[in-house]
file coords39.tsv (TSV, C-alpha atoms)
chain	number	residue	atom	x	y	z
I	1	MET	CA	21.66	3.09	-17.87
I	2	THR	CA	24.54	5.50	-18.09
I	3	ALA	CA	25.55	7.48	-15.11
I	4	ASP	CA	28.12	9.74	-13.67
I	5	ALA	CA	28.40	8.50	-10.20
I	6	THR	CA	30.63	8.64	-7.25
I	7	ALA	CA	33.53	6.33	-6.71
I	8	ALA	CA	32.96	3.85	-3.96
I	9	SER	CA	35.50	3.18	-1.31
I	10	GLU	CA	35.92	0.58	1.39
I	11	SER	CA	36.75	3.28	3.91
I	12	THR	CA	34.01	4.96	5.91
I	13	VAL	CA	36.25	7.96	6.61
I	14	ASP	CA	35.86	11.05	4.48
I	15	CYS	CA	36.71	14.72	4.85
I	16	ASP	CA	33.10	15.66	4.15
I	17	PRO	CA	30.80	14.50	6.98
I	18	LEU	CA	27.96	13.84	4.54
I	19	ARG	CA	30.23	11.55	2.57
I	20	THR	CA	31.15	9.75	5.79
I	21	VAL	CA	27.46	9.11	6.46
I	22	LEU	CA	27.00	7.85	2.89
I	23	ARG	CA	30.01	5.54	3.24
I	24	VAL	CA	28.41	4.02	6.33
I	25	VAL	CA	25.17	3.50	4.38
I	26	GLN	CA	27.17	1.82	1.63
I	27	SER	CA	29.02	-0.41	4.09
I	28	VAL	CA	25.81	-1.54	5.80
I	29	ALA	CA	24.21	-2.24	2.40
I	30	THR	CA	27.23	-4.27	1.34
I	31	GLU	CA	27.17	-6.34	4.52
I	32	ARG	CA	23.49	-7.18	4.07
I	33	LEU	CA	23.89	-8.50	0.54
I	34	GLY	CA	25.33	-11.91	1.32
I	35	SER	CA	28.30	-13.76	-0.07
I	36	LEU	CA	27.43	-13.34	-3.76
I	37	ARG	CA	28.29	-9.67	-3.68
I	38	SER	CA	31.34	-8.17	-5.29
I	39	ASP	CA	33.08	-5.16	-3.81
I	40	PRO	CA	31.12	-1.99	-4.46
I	41	SER	CA	32.49	0.01	-7.35
I	42	ARG	CA	31.89	3.16	-9.31
I	43	VAL	CA	28.88	3.14	-11.59
I	44	ILE	CA	30.04	3.83	-15.13
I	45	GLU	CA	27.51	2.20	-17.41
I	46	ALA	CA	25.02	-0.62	-17.21
I	47	ASP	CA	22.23	-1.70	-19.48
I	48	MET	CA	19.13	-2.21	-17.36
I	49	SER	CA	16.67	-0.88	-19.88
I	50	PHE	CA	14.70	-4.13	-19.95
I	51	ASP	CA	13.09	-5.71	-16.90
I	52	HIS	CA	14.40	-2.92	-14.72
I	53	TRP	CA	12.91	-2.74	-11.22
I	54	ILE	CA	13.43	-0.52	-8.22
I	55	SER	CA	13.13	-1.36	-4.57
I	56	ASP	CA	13.48	1.47	-2.12
I	57	ILE	CA	12.98	2.47	1.49
I	58	ARG	CA	13.11	5.69	3.46
I	59	LEU	CA	14.19	6.45	7.00
I	60	CYS	CA	12.77	9.67	8.43
I	61	PHE	CA	13.74	11.31	11.68
I	62	PRO	CA	13.23	14.91	12.75
I	63	SER	CA	16.74	15.90	11.73
I	64	ILE	CA	17.85	13.11	9.39
I	65	GLU	CA	16.39	11.54	6.27
I	66	ILE	CA	18.00	8.66	4.44
I	67	SER	CA	16.71	6.92	1.35
I	68	PHE	CA	18.14	3.73	-0.09
I	69	ARG	CA	17.28	2.37	-3.50
I	70	ALA	CA	18.31	-0.77	-5.37
I	71	HIS	CA	18.00	-1.05	-9.16
I	72	PHE	CA	17.73	-4.68	-10.22
I	73	THR	CA	16.47	-7.08	-12.85
I	74	SER	CA	14.44	-10.22	-12.22
I	75	ARG	CA	17.49	-12.33	-13.08
I	76	ILE	CA	19.59	-10.57	-10.46
I	77	ALA	CA	16.81	-10.92	-7.89
I	78	ARG	CA	16.61	-14.64	-8.69
I	79	LEU	CA	20.36	-15.01	-8.31
I	80	PHE	CA	20.26	-13.67	-4.75
I	81	ALA	CA	17.01	-15.44	-3.87
I	82	GLU	CA	18.51	-18.74	-4.95
I	83	GLU	CA	21.52	-18.09	-2.76
I	84	MET	CA	19.16	-17.62	0.19
I	85	LEU	CA	16.63	-20.36	-0.56
I	86	GLY	CA	18.61	-22.82	-2.64
I	87	ASP	CA	17.82	-23.80	-6.21
I	88	ASP	CA	16.39	-27.28	-5.55
I	89	GLU	CA	12.83	-26.06	-6.05
I	90	PRO	CA	11.56	-23.38	-8.43
I	91	ILE	CA	11.12	-19.93	-6.90
I	92	ASP	CA	8.25	-17.69	-7.91
I	93	VAL	CA	9.36	-14.40	-9.47
I	94	LEU	CA	7.50	-12.40	-6.82
I	95	VAL	CA	9.43	-14.22	-4.13
I	96	CYS	CA	12.64	-13.36	-5.97
I	97	HIS	CA	11.66	-9.69	-6.13
I	98	SER	CA	10.76	-9.89	-2.46
I	99	PHE	CA	14.41	-10.65	-1.75
I	100	MET	CA	15.26	-7.16	-2.98
I	101	THR	CA	12.59	-5.45	-0.87
I	102	GLU	CA	13.75	-7.44	2.13
I	103	TYR	CA	17.30	-6.38	1.28
I	104	CYS	CA	16.24	-2.73	1.48
I	105	ASN	CA	14.46	-3.48	4.74
I	106	LEU	CA	17.56	-5.11	6.24
I	107	THR	CA	19.78	-2.24	5.14
I	108	ALA	CA	17.45	0.41	6.55
I	109	GLY	CA	16.97	-1.54	9.76
I	110	GLY	CA	20.71	-1.84	10.22
I	111	LEU	CA	21.11	1.89	9.64
I	112	LYS	CA	18.35	2.78	12.06
I	113	ASN	CA	19.96	0.67	14.74
I	114	LEU	CA	23.31	2.38	14.19
I	115	ILE	CA	21.78	5.86	14.15
I	116	SER	CA	19.82	5.20	17.33
I	117	ASP	CA	23.10	4.72	19.15
I	118	VAL	CA	24.15	8.23	18.11
I	119	VAL	CA	20.87	10.12	18.10
I	120	ALA	CA	18.59	9.21	20.98
I	121	GLU	CA	15.48	10.71	19.38
I	122	VAL	CA	15.47	7.91	16.81
I	123	GLU	CA	14.30	5.48	19.46
I	124	THR	CA	11.05	7.36	19.99
I	125	SER	CA	10.40	9.66	17.07
I	126	GLY	CA	11.90	7.94	14.07
I	127	ASP	CA	10.03	6.28	11.30
I	128	LEU	CA	11.26	3.36	9.25
I	129	GLY	CA	9.11	3.13	6.15
I	130	LEU	CA	8.03	-0.05	4.47
I	131	PRO	CA	10.10	-1.04	1.45
I	132	GLU	CA	8.45	-0.71	-1.93
I	133	ARG	CA	9.03	-2.43	-5.25
I	134	LYS	CA	8.04	-0.92	-8.55
I	135	PRO	CA	8.97	-0.97	-12.22
I	136	SER	CA	11.54	1.68	-12.91
I	137	PHE	CA	10.31	3.01	-16.25
I	138	ASP	CA	12.47	6.08	-16.79
I	139	GLN	CA	13.76	6.44	-13.26
I	140	VAL	CA	17.36	5.80	-14.19
I	141	THR	CA	18.92	9.09	-13.25
I	142	LEU	CA	21.80	8.63	-10.87
I	143	PRO	CA	23.47	11.40	-8.88
I	144	ASP	CA	26.25	13.44	-10.38
I	145	ALA	CA	29.76	12.59	-9.33
I	146	ASP	CA	30.06	15.78	-7.32
I	147	ALA	CA	26.71	15.49	-5.56
I	148	ARG	CA	27.40	15.74	-1.84
I	149	GLN	CA	24.18	14.23	-0.58
I	150	SER	CA	23.98	11.12	-2.75
I	151	LEU	CA	26.15	8.16	-3.56
I	152	ALA	CA	25.69	5.53	-6.26
I	153	TRP	CA	27.55	2.28	-6.58
I	154	LYS	CA	27.16	-1.16	-8.10
I	155	TYR	CA	27.88	-4.79	-7.34
I	156	GLU	CA	28.82	-6.90	-10.32
I	157	THR	CA	27.09	-10.27	-10.60
I	158	VAL	CA	27.04	-12.96	-13.27
I	159	GLU	CA	23.60	-11.61	-14.24
I	160	GLY	CA	24.75	-7.99	-14.53
I	161	PRO	CA	25.13	-5.11	-12.09
I	162	LEU	CA	23.04	-4.47	-9.03
I	163	VAL	CA	23.02	-0.68	-8.70
I	164	CYS	CA	22.38	1.04	-5.38
I	165	VAL	CA	21.78	4.70	-4.62
I	166	ALA	CA	21.73	6.30	-1.18
I	167	SER	CA	20.70	9.86	-0.38
I	168	VAL	CA	21.04	11.69	2.90
I	169	VAL	CA	19.39	14.92	3.99
I	170	ILE	CA	20.38	16.36	7.33
I	171	ASN	CA	18.79	19.39	8.94
I	172	GLU	CA	21.80	20.72	10.80
I	173	ASP	CA	19.81	23.25	12.83
I	174	GLU	CA	17.42	20.58	14.07
I	175	LEU	CA	20.29	18.19	14.76
I	176	LEU	CA	21.96	20.83	16.89
I	177	ARG	CA	18.73	21.90	18.59
I	178	LEU	CA	17.43	18.43	19.37
I	179	GLN	CA	20.65	16.57	20.02
I	180	GLY	CA	23.34	19.16	20.56
I	181	LEU	CA	25.20	17.55	17.70
I	182	SER	CA	26.92	19.20	14.78
I	183	LEU	CA	26.91	17.47	11.41
I	184	ILE	CA	30.56	16.59	11.92
I	185	GLY	CA	29.77	15.22	15.37
I	186	PHE	CA	26.94	13.10	14.02
I	187	ALA	CA	29.00	11.73	11.13
I	188	ASP	CA	31.93	10.94	13.38
I	189	GLY	CA	29.66	9.30	15.95
I	190	LEU	CA	27.98	7.19	13.29
I	191	ARG	CA	31.31	6.06	11.92
I	192	ARG	CA	32.57	5.14	15.38
I	193	VAL	CA	29.40	3.19	16.23
I	194	TYR	CA	29.64	1.36	12.91
I	195	GLU	CA	33.25	0.41	13.52
I	196	THR	CA	32.66	-0.69	17.13
I	197	PRO	CA	31.42	-4.24	17.69
I	198	PRO	CA	27.93	-4.22	19.23
I	199	PRO	CA	27.68	-5.10	22.92
I	200	ALA	CA	26.21	-8.43	23.93
I	201	ASP	CA	22.47	-8.13	24.33
I	202	ASP	CA	20.91	-10.61	26.71
I	203	PHE	CA	17.40	-10.37	25.33
I	204	ASN	CA	18.52	-10.74	21.75
I	205	ASP	CA	20.71	-13.69	22.73
I	206	PHE	CA	17.87	-15.39	24.59
I	207	LEU	CA	17.24	-17.84	21.81
I	208	LEU	CA	20.24	-17.85	19.51
W	1	MET	CA	-2.21	-31.03	13.57
W	2	ALA	CA	-0.56	-28.35	15.69
W	3	LYS	CA	0.68	-25.37	13.73
W	4	ILE	CA	3.61	-23.02	13.40
W	5	MET	CA	2.69	-19.62	11.95
W	6	VAL	CA	5.07	-17.20	10.25
W	7	VAL	CA	3.84	-13.62	10.00
W	8	ASP	CA	5.95	-11.45	7.69
W	9	ASP	CA	5.10	-9.18	4.77
W	10	GLN	CA	8.04	-10.43	2.72
W	11	PRO	CA	7.31	-13.68	0.82
W	12	VAL	CA	11.02	-14.51	0.62
W	13	PHE	CA	11.30	-14.68	4.42
W	14	ARG	CA	8.18	-16.84	4.75
W	15	GLU	CA	9.48	-19.10	2.00
W	16	ALA	CA	12.88	-19.40	3.72
W	17	MET	CA	11.20	-20.33	7.00
W	18	GLU	CA	8.95	-22.89	5.34
W	19	ARG	CA	11.88	-24.52	3.56
W	20	ALA	CA	13.94	-24.61	6.76
W	21	LEU	CA	11.03	-26.14	8.68
W	22	THR	CA	10.44	-28.77	6.01
W	23	GLU	CA	14.12	-29.62	5.83
W	24	SER	CA	14.26	-30.02	9.61
W	25	GLY	CA	11.37	-32.51	9.55
W	26	LEU	CA	9.24	-30.38	11.87
W	27	THR	CA	6.46	-30.11	9.30
W	28	ASP	CA	5.81	-33.85	9.76
W	29	PHE	CA	3.93	-32.90	12.91
W	30	LEU	CA	3.70	-29.09	12.83
W	31	GLU	CA	1.69	-27.65	9.97
W	32	PHE	CA	3.21	-24.52	8.45
W	33	VAL	CA	0.77	-21.62	8.11
W	34	GLU	CA	1.58	-18.07	7.08
W	35	ALA	CA	0.20	-14.54	7.13
W	36	GLU	CA	1.48	-11.39	5.45
W	37	ASN	CA	0.34	-8.94	8.10
W	38	GLY	CA	-1.05	-8.79	11.61
W	39	LEU	CA	-4.67	-8.71	10.52
W	40	GLU	CA	-4.30	-11.91	8.53
W	41	ALA	CA	-2.51	-13.44	11.49
W	42	LEU	CA	-5.39	-12.52	13.79
W	43	GLY	CA	-7.70	-14.31	11.37
W	44	MET	CA	-5.47	-17.38	11.63
W	45	VAL	CA	-5.59	-17.23	15.41
W	46	GLU	CA	-9.38	-16.99	15.34
W	47	ALA	CA	-9.66	-19.88	12.89
W	48	HIS	CA	-7.22	-22.23	14.59
W	49	ASP	CA	-6.91	-23.08	18.27
W	50	ASP	CA	-3.74	-25.09	17.83
W	51	ILE	CA	-1.09	-22.57	16.80
W	52	ARG	CA	1.77	-23.55	19.09
W	53	PHE	CA	4.51	-21.36	17.64
W	54	ALA	CA	4.31	-17.91	16.05
W	55	VAL	CA	7.19	-16.07	14.40
W	56	VAL	CA	6.21	-12.44	13.96
W	57	ASP	CA	7.73	-9.49	12.09
W	58	ILE	CA	7.16	-5.97	13.41
W	59	HIS	CA	7.12	-3.63	10.40
W	60	MET	CA	4.19	-4.77	8.26
W	61	PRO	CA	1.42	-3.00	6.36
W	62	VAL	CA	-2.25	-3.11	7.45
W	63	MET	CA	-1.46	-4.22	11.01
W	64	ASN	CA	2.03	-4.30	12.46
W	65	GLY	CA	3.45	-6.99	14.70
W	66	ILE	CA	3.12	-4.98	17.91
W	67	GLU	CA	-0.63	-4.51	17.51
W	68	PHE	CA	-1.06	-8.13	16.45
W	69	ILE	CA	0.70	-9.44	19.56
W	70	GLN	CA	-1.24	-7.09	21.81
W	71	ARG	CA	-4.58	-8.17	20.28
W	72	PHE	CA	-3.59	-11.83	20.20
W	73	ARG	CA	-2.94	-11.63	23.94
W	74	SER	CA	-5.97	-9.51	24.87
W	75	ASP	CA	-8.59	-11.07	22.57
W	76	HIS	CA	-7.44	-14.69	22.64
W	77	ALA	CA	-5.71	-15.02	25.99
W	78	SER	CA	-5.92	-18.79	26.32
W	79	ARG	CA	-4.64	-19.36	22.79
W	80	PHE	CA	-1.84	-16.86	23.39
W	81	ASP	CA	-0.85	-18.72	26.55
W	82	GLY	CA	-0.59	-21.94	24.57
W	83	CYS	CA	1.56	-20.37	21.86
W	84	HIS	CA	5.29	-19.65	21.87
W	85	VAL	CA	5.70	-16.22	20.30
W	86	PHE	CA	8.96	-14.98	18.83
W	87	VAL	CA	9.73	-11.73	17.07
W	88	ILE	CA	12.15	-11.66	14.13
W	89	THR	CA	12.54	-8.13	12.80
W	90	THR	CA	14.96	-5.43	11.71
W	91	GLU	CA	13.70	-3.30	14.60
W	92	ALA	CA	16.03	-3.22	17.61
W	93	SER	CA	14.27	-0.72	19.86
W	94	ARG	CA	15.07	-1.53	23.49
W	95	THR	CA	11.81	0.06	24.58
W	96	LEU	CA	9.70	-2.11	22.30
W	97	ARG	CA	11.66	-5.22	23.19
W	98	ALA	CA	11.07	-4.62	26.89
W	99	GLU	CA	7.35	-4.04	26.30
W	100	MET	CA	6.99	-7.21	24.27
W	101	LYS	CA	8.94	-9.25	26.77
W	102	GLU	CA	6.45	-8.09	29.42
W	103	LEU	CA	3.62	-9.31	27.19
W	104	GLY	CA	5.15	-12.76	26.98
W	105	VAL	CA	7.23	-12.71	23.80
W	106	LEU	CA	9.95	-15.31	24.30
W	107	ALA	CA	12.64	-13.83	22.09
W	108	TRP	CA	13.27	-10.78	19.94
W	109	LEU	CA	15.76	-11.49	17.20
W	110	VAL	CA	17.16	-8.80	14.95
W	111	LYS	CA	17.41	-9.66	11.26
W	112	PRO	CA	19.28	-10.95	9.43
W	113	VAL	CA	18.51	-14.28	11.08
W	114	ASP	CA	19.41	-17.61	9.51
W	115	PRO	CA	16.12	-19.59	9.45
W	116	LYS	CA	17.96	-22.92	9.71
W	117	LEU	CA	19.82	-21.77	12.80
W	118	PHE	CA	16.59	-20.46	14.28
W	119	ILE	CA	14.86	-23.82	13.76
W	120	LYS	CA	17.76	-25.76	15.26
W	121	THR	CA	17.73	-23.53	18.32
W	122	LEU	CA	13.97	-23.85	18.56
W	123	GLN	CA	14.37	-27.63	18.64
W	124	LEU	CA	17.00	-27.40	21.35
W	125	ARG	CA	15.27	-24.85	23.58
W	126	PHE	CA	11.64	-25.90	23.15
W	127	GLY	CA	12.01	-29.64	22.77
W	128	ALA	CA	9.16	-30.37	25.17
W	129	ALA	CA	6.62	-28.39	23.17
W	130	ILE	CA	7.84	-29.94	19.95
W	131	ASP	CA	7.67	-33.42	21.46
W	132	ALA	CA	4.10	-32.73	22.55
W	133	ALA	CA	3.14	-31.84	18.99
W	134	ARG	CA	4.90	-34.95	17.71
W	135	GLY	CA	3.06	-37.04	20.29
W	136	GLU	CA	-0.32	-35.68	19.22
W	137	VAL	CA	0.30	-36.81	15.66
W	138	ALA	CA	1.60	-40.19	16.77
W	139	SER	CA	-1.48	-40.84	18.91
W	140	GLN	CA	-3.94	-40.08	16.14

call {"tool": "encode", "arguments": {"input": "coords39.tsv", "output": "structure tokens"}}
result
Amino acid sequence: MTADATAASESTVDCDPLRTVLRVVQSVATERLGSLRSDPSRVIEADMSFDHWISDIRLCFPSIEISFRAHFTSRIARLFAEEMLGDDEPIDVLVCHSFMTEYCNLTAGGLKNLISDVVAEVETSGDLGLPERKPSFDQVTLPDADARQSLAWKYETVEGPLVCVASVVINEDELLRLQGLSLIGFADGLRRVYETPPPADDFNDFLL
Amino acid sequence: MAKIMVVDDQPVFREAMERALTESGLTDFLEFVEAENGLEALGMVEAHDDIRFAVVDIHMPVMNGIEFIQRFRSDHASRFDGCHVFVITTEASRTLRAEMKELGVLAWLVKPVDPKLFIKTLQLRFGAAIDAARGEVASQ
């Protein structure tokens, strides 16, 4: 897979509010990957032409749509599954692949929870889709480097790169009408919520 | 043998829970059973009257965790009363959490959750129920 993609950065701050939103997506995805991850970096070139799978998930709200997709191989999925489950016993390949769909689920769930602190409508009218896994075939096109609404990055592993792509579509008119928020206001709010430690939650802490 | 049921559409999460339960020794007296959606879980509840613990995801195909818990409670009230129900999900809706707490869900934990930590806490907080299950096996 060869791609012109956008440079990744550790910072969630960007002059373009859409880029700020995408940086938050990237940061949440990085946090959910576990300790085997490398720092996210620009996608230059990676050969995933054999055993190339996609797991993806979509978040849909009246004014915001976010999709997150992970390109992986079975060997990469096994690497992460073994980190989670241990390698004492053999792990079925479907269970390994399930790690990647669960990874998409965790990333999208984390994003939804952040967004719901900025946009109240998410609590009642949002929809978090179910993650899907499928063979990629020829779906290897990554966004151009200057694409505003998408960001692609990779994590290097000993089994090759795990490539992630996030896309954001925001209906600014609806955002303003429903929430009284501009795109800049939404992006800034999302960044601030992400960077602020969550408050203690009694119900969530009931057991753990 | 009393049972602990994990309801989640992702095999990797069910596998992680099963391994953590086995490692903890709980499966010596609590049989691990699993379901990949709410409908399968309802079938489990109908087939077994001794499910003492249920760990339930919310976002699942076919039947989600909310509907499963509601139907578990309404259609099998006595079995629901004898079961400790926990939700482990990516969903953090305060509204849903409050509704489920009213129904009798004991905890709502937002993923990612470490299964080993969950099991240890389960042993600490629900020792009496676990001891009862252990006692049933010992007396057989």

call {"tool": "residues_around", "arguments": {"input": "coords39.tsv", "residues": "Ile54 of chain I", "least_positions_apart": "5", "cutoff": "8 Å", "atoms": "only C-alpha atoms", "output": "compact mmCIF listing (two decimals) with C-alpha atoms, in the frame of the given file"}}
result
# COMPACT_ATOMS: atom_id res chain seq x y z
CA ARG I 69 17.28 2.37 -3.50
CA ALA I 70 18.31 -0.77 -5.37
CA HIS I 71 18.00 -1.05 -9.16
CA PHE I 72 17.73 -4.68 -10.22
CA ARG I 133 9.03 -2.43 -5.25
CA LYS I 134 8.04 -0.92 -8.55
CA PRO I 135 8.97 -0.97 -12.22
CA SER I 136 11.54 1.68 -12.91

call {"tool": "atom_distance", "arguments": {"input": "coords39.tsv", "atom1": "atom CA of Glu46 of chain W", "atom2": "atom CA of Val62 of chain W"}}
result
17.5 Å

call {"tool": "closest_residue", "arguments": {"input": "coords39.tsv", "among": "I:Leu33, I:Leu162, I:Leu85, I:Ile64", "to": "chain W", "atoms": "all atoms listed in the file"}}
result
I:Leu85

call {"tool": "residues_near_point", "arguments": {"input": "coords39.tsv", "point": "(7.2, -14.4, 3.6)", "cutoff": "10 Å", "atoms": "all atoms listed in the file", "output": "ChimeraX atom specification"}}
result
/I:95,98-99,102 /W:6-18,34-37,57

call {"tool": "residues_around", "arguments": {"input": "coords39.tsv", "residues": "segment 108-117 of chain I", "least_positions_apart": "6", "cutoff": "8 Å", "atoms": "all atoms listed in the file", "output": "ChimeraX atom specification"}}
result
/I:25,28,57-59,68,123,128,190,193-194 /W:90-93

call {"tool": "closest_residue", "arguments": {"input": "coords39.tsv", "among": "W:His59, W:Arg71, W:Lys116, W:His76", "to": "chain I", "atoms": "only C-alpha atoms"}}
result
W:His59

call {"tool": "atom_distance", "arguments": {"input": "coords39.tsv", "atom1": "atom CA of Thr73 of chain I", "atom2": "atom CA of Asp127 of chain I"}}
result
28.3 Å

call {"tool": "residues_near_point", "arguments": {"input": "coords39.tsv", "point": "(13.6, -5.6, -16.3)", "cutoff": "8 Å", "atoms": "all atoms listed in the file", "output": "list in words"}}
result
Met48, Ser49, Phe50, Asp51, His52, Trp53, Phe72, Thr73, Ser74 and Pro135 of chain I

call {"tool": "closest_residue", "arguments": {"input": "coords39.tsv", "among": "I:Pro62, I:Trp153, I:Leu183, I:Glu31", "to": "chain W", "atoms": "all atoms listed in the file"}}
result
I:Glu31

call {"tool": "atom_distance", "arguments": {"input": "coords39.tsv", "atom1": "atom CA of Arg97 of chain W", "atom2": "atom CA of Val85 of chain W"}}
result
12.8 Å

call {"tool": "closest_atom_pairs", "arguments": {"input": "coords39.tsv", "of": "segment 2-107 of chain W", "to": "segment 132-136 of chain W", "cutoff": "7 Å", "atoms": "all atoms listed in the file", "output": "CSV"}}
result
residue,atom,partner,partner_atom,distance
W:Ala2,CA,W:Ala133,CA,6.1
W:Phe29,CA,W:Arg134,CA,5.3
W:Leu30,CA,W:Ala133,CA,6.8

call {"tool": "closest_residue", "arguments": {"input": "coords39.tsv", "among": "W:Phe118, W:Met44, W:Asn64, W:Phe126", "to": "chain I", "atoms": "all atoms listed in the file"}}
result
W:Phe118

call {"tool": "closest_residue", "arguments": {"input": "coords39.tsv", "among": "W:Val56, W:Pro112, W:Leu124, W:Ala41", "to": "Tyr103 of chain I", "atoms": "all atoms listed in the file"}}
result
W:Pro112

call {"tool": "closest_residue", "arguments": {"input": "coords39.tsv", "among": "I:Thr196, I:Ser150, I:Ser63, I:Thr157", "to": "Ser182 of chain I", "atoms": "only C-alpha atoms"}}
result
I:Ser63

call {"tool": "residues_around", "arguments": {"input": "coords39.tsv", "residues": "Ser38 of chain I", "least_positions_apart": "5", "cutoff": "9 Å", "atoms": "all atoms listed in the file", "output": "mmCIF file with C-alpha atoms, keeping the file's coordinate frame"}}
result
data_model
loop_
_atom_site.group_PDB
_atom_site.id
_atom_site.type_symbol
_atom_site.label_atom_id
_atom_site.label_comp_id
_atom_site.auth_asym_id
_atom_site.auth_seq_id
_atom_site.Cartn_x
_atom_site.Cartn_y
_atom_site.Cartn_z
ATOM 1 C CA THR I 30 27.230 -4.270 1.340
ATOM 2 C CA LYS I 154 27.160 -1.160 -8.100
ATOM 3 C CA TYR I 155 27.880 -4.790 -7.340
ATOM 4 C CA GLU I 156 28.820 -6.900 -10.320
ATOM 5 C CA THR I 157 27.090 -10.270 -10.600
#

call {"tool": "axis_aligned_box", "arguments": {"input": "coords39.tsv", "around": "segment 120-135 of chain W", "padding_each_side": "8 Å", "output": "lines of an AutoDock Vina configuration file"}}
result
center_x = 10.4
center_y = -30.3
center_z = 20.2
size_x = 30.7
size_y = 29.5
size_z = 25.9
